[in-house]
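Undergrad: Dumping the structure here so I can ask a few things about it.
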Amino acid sequence: MTADNNRDGGPLSSADALVLAGSRPGGDAMADSRGIAVKALIPVAGKAMLAHVTDALLDHQAIGNVHVLAQDFAPFWTHVDTNELKNNARVIAQTSGSTIATSLDKVLDQDDTRFPALITTADNVLLNAPMLDDFLSAAEDTDIAIALVEKQVLLRRYPASQRTWLKLRGGQYSGANLFYFGSPKAREILRYWAEVEQDRKKGWKILTIFGPWLLFLALSRVLTVDQLAARVGKKLGLTIKIVPMAQAEACIDVDKDSDLEMVEQILAARKEAPAN
């Protein structure tokens, strides 16, 4: 495993990336309404969603191989925006299983998958180098790191944005579709993830698995987000760290048409912004 430097001169460990680009059971309404085979190929600002994400990952000095997980790769290999991925030595196609958790576990169990591993999704279109720098730097030396955006960070910049919020003592948080597995031990959490992933928009659901007392503490807002992570980590024998992202865009993925419109506006603004 090699180490590179981030923009501020600090070390960043080389990590493999896993990109979830498959289809949900029953299809996706956004893709279906556009006659597109898979959501990851919906065009955003003139380019397929998956291409935005893989470009950001492949261009970053701290990312090694990029594993793309999907049920069927034929649509990607025949699409103008993603067909070159097939011949990229750093891109590894991984056939998804029946659930996200089992698919991730299968890839993470392979000998050629390196730790640490960064996990994200194909609809995380706004992913960029500053987000990766901040998240990877903060996540080092942990078994698991989870990126979140605090509500006020988002609303100060994008007051019209609507997210699903996890309400805890000291703040409300939205997931940023960035996860870090620092060691093979982190796979332990996938067993619990598998039990609740059908209710992925109800973040508190996973807490029911760790016992009613922890669920009560969370729902009554007795615990801060860091205290909650510490309790779950202790239960699993893992170090779990919450990484609050400074970039509001980190929690804006493309789940609906209004998200797509907002993301296109943000990408247009980035393009027009003067280079530093």
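Ordering of the structure tokens sets the chain letters (A, B, ...), residue numbers begin anew at 1 in every chain, and ligands are numbered from 1 in the order given.
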So which residues touch Gly182 in chain A within 7 Å, counting only C-alpha atoms, skipping near sequence neighbours fewer than 2 positions away, as an NGL selection string?
TA: :A and (115-117 or 141-144 or 180 or 186)
Undergrad: If we count only C-alpha atoms, what is near Val263 in chain A at a cut-off of 10 Å, once residues fewer than 4 positions away on the same chain are taken out, given as a list in words?
TA: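 Everything that qualifies: Val44, Ala45, Asn124, Val125, Leu126, Glu249, Ile252, Asp253, Val254, Asp257, Ser258, Asp259, Leu267, Ala268 and Ala269 of chain A.
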Undergrad: Taking the DSSP assignment computed from this structure's backbone, write out as a VMD selection string all residues of range 19-199 of chain A that belong to alpha helix (DSSP H).
TA: chain A and resid 29 to 34 49 to 58 74 to 77 100 to 108 129 to 139 151 to 157 188 to 196
Undergrad: Mind dumping the selected residues with C-alpha atoms as a PDB file, in the first residue's frame?
TA:
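Resulting contents of result15.pdb:
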ATOM      1  CA  ALA A  29     -38.585   5.109 -11.652  1.00  0.00           C
ATOM      2  CA  MET A  30     -36.145   7.748 -12.902  1.00  0.00           C
ATOM      3  CA  ALA A  31     -34.474   5.355 -15.328  1.00  0.00           C
ATOM      4  CA  ASP A  32     -37.751   3.782 -16.446  1.00  0.00           C
ATOM      5  CA  SER A  33     -39.353   7.139 -17.200  1.00  0.00           C
ATOM      6  CA  ARG A  34     -36.425   7.981 -19.490  1.00  0.00           C
ATOM      7  CA  MET A  49     -23.900   9.621 -13.668  1.00  0.00           C
ATOM      8  CA  LEU A  50     -21.449   6.743 -13.343  1.00  0.00           C
ATOM      9  CA  ALA A  51     -18.915   8.543 -15.536  1.00  0.00           C
ATOM     10  CA  HIS A  52     -18.936  11.566 -13.213  1.00  0.00           C
ATOM     11  CA  VAL A  53     -18.157   9.324 -10.229  1.00  0.00           C
ATOM     12  CA  THR A  54     -15.517   7.137 -11.869  1.00  0.00           C
ATOM     13  CA  ASP A  55     -13.776  10.214 -13.302  1.00  0.00           C
ATOM     14  CA  ALA A  56     -13.516  11.744  -9.815  1.00  0.00           C
ATOM     15  CA  LEU A  57     -12.157   8.512  -8.352  1.00  0.00           C
ATOM     16  CA  LEU A  58      -9.704   7.640 -11.118  1.00  0.00           C
ATOM     17  CA  ALA A  74     -23.743  -4.754 -21.170  1.00  0.00           C
ATOM     18  CA  PRO A  75     -25.433  -1.306 -20.909  1.00  0.00           C
ATOM     19  CA  PHE A  76     -22.208   0.240 -19.587  1.00  0.00           C
ATOM     20  CA  TRP A  77     -19.918  -1.312 -22.203  1.00  0.00           C
ATOM     21  CA  ILE A 100     -26.002  -4.501  -1.451  1.00  0.00           C
ATOM     22  CA  ALA A 101     -24.565  -6.036   1.702  1.00  0.00           C
ATOM     23  CA  THR A 102     -23.887  -9.439   0.157  1.00  0.00           C
ATOM     24  CA  SER A 103     -22.438  -7.821  -2.965  1.00  0.00           C
ATOM     25  CA  LEU A 104     -20.028  -5.694  -0.954  1.00  0.00           C
ATOM     26  CA  ASP A 105     -19.028  -8.608   1.255  1.00  0.00           C
ATOM     27  CA  LYS A 106     -18.213 -10.741  -1.779  1.00  0.00           C
ATOM     28  CA  VAL A 107     -15.927  -8.076  -3.251  1.00  0.00           C
ATOM     29  CA  LEU A 108     -14.262  -7.264   0.061  1.00  0.00           C
ATOM     30  CA  ALA A 129     -11.288  15.896  -4.994  1.00  0.00           C
ATOM     31  CA  PRO A 130     -11.884  18.169  -1.958  1.00  0.00           C
ATOM     32  CA  MET A 131     -14.522  15.763  -0.621  1.00  0.00           C
ATOM     33  CA  LEU A 132     -12.225  12.799  -1.111  1.00  0.00           C
ATOM     34  CA  ASP A 133      -9.298  14.636   0.468  1.00  0.00           C
ATOM     35  CA  ASP A 134     -11.267  15.577   3.569  1.00  0.00           C
ATOM     36  CA  PHE A 135     -12.998  12.241   4.014  1.00  0.00           C
ATOM     37  CA  LEU A 136      -9.958  10.022   3.501  1.00  0.00           C
ATOM     38  CA  SER A 137      -7.779  12.166   5.748  1.00  0.00           C
ATOM     39  CA  ALA A 138     -10.333  12.073   8.562  1.00  0.00           C
ATOM     40  CA  ALA A 139     -11.030   8.361   8.132  1.00  0.00           C
ATOM     41  CA  LYS A 151     -28.487  19.974   8.457  1.00  0.00           C
ATOM     42  CA  GLN A 152     -27.421  23.593   8.851  1.00  0.00           C
ATOM     43  CA  VAL A 153     -24.351  23.037   6.646  1.00  0.00           C
ATOM     44  CA  LEU A 154     -26.670  22.009   3.821  1.00  0.00           C
ATOM     45  CA  LEU A 155     -29.458  24.510   4.356  1.00  0.00           C
ATOM     46  CA  ARG A 156     -27.146  27.501   4.618  1.00  0.00           C
ATOM     47  CA  ARG A 157     -26.023  26.821   1.073  1.00  0.00           C
ATOM     48  CA  GLU A 188     -18.780  -7.384  10.367  1.00  0.00           C
ATOM     49  CA  ILE A 189     -21.191  -4.478   9.981  1.00  0.00           C
ATOM     50  CA  LEU A 190     -22.443  -5.818   6.654  1.00  0.00           C
ATOM     51  CA  ARG A 191     -24.281  -8.577   8.489  1.00  0.00           C
ATOM     52  CA  TYR A 192     -26.396  -5.897  10.159  1.00  0.00           C
ATOM     53  CA  TRP A 193     -26.626  -3.792   7.013  1.00  0.00           C
ATOM     54  CA  ALA A 194     -28.208  -6.754   5.207  1.00  0.00           C
ATOM     55  CA  GLU A 195     -31.023  -6.868   7.742  1.00  0.00           C
ATOM     56  CA  VAL A 196     -32.080  -3.257   7.281  1.00  0.00           C
TER      57      VAL A 196
END
Undergrad: Nearest residue to Val91 in chain A out of A:Glu261, A:Asp16, A:Glu272, A:Asp111, using only C-alpha atoms?
TA: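 With only C-alpha atoms as the atom set, the closest residue is A:Asp16.
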Undergrad: I need the residue nearest Gln61 in chain A from this list: A:Ala248, A:Ala15, A:Ile266, A:Ala21. Use only C-alpha atoms for the distance.
TA: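 The answer is A:Ala15, which sits nearest to Gln61 in chain A.
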Undergrad: Apply DSSP to the structure's backbone, then extract all residues of range 20-202 of chain A labelled strand (DSSP E or B) and return them as an MDAnalysis selection string.
TA: chainID A and resid 20 43:44 47:48 63:70 91:95 117:121 144:150 166:168 171:181
Undergrad: Could you tell me how far CA of Glu150 in chain A lies from CA of Val19 in chain A, in Å and to one decimal?
TA: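 One can read the CA of Glu150 in chain A to CA of Val19 in chain A distance as 23.7 Å.
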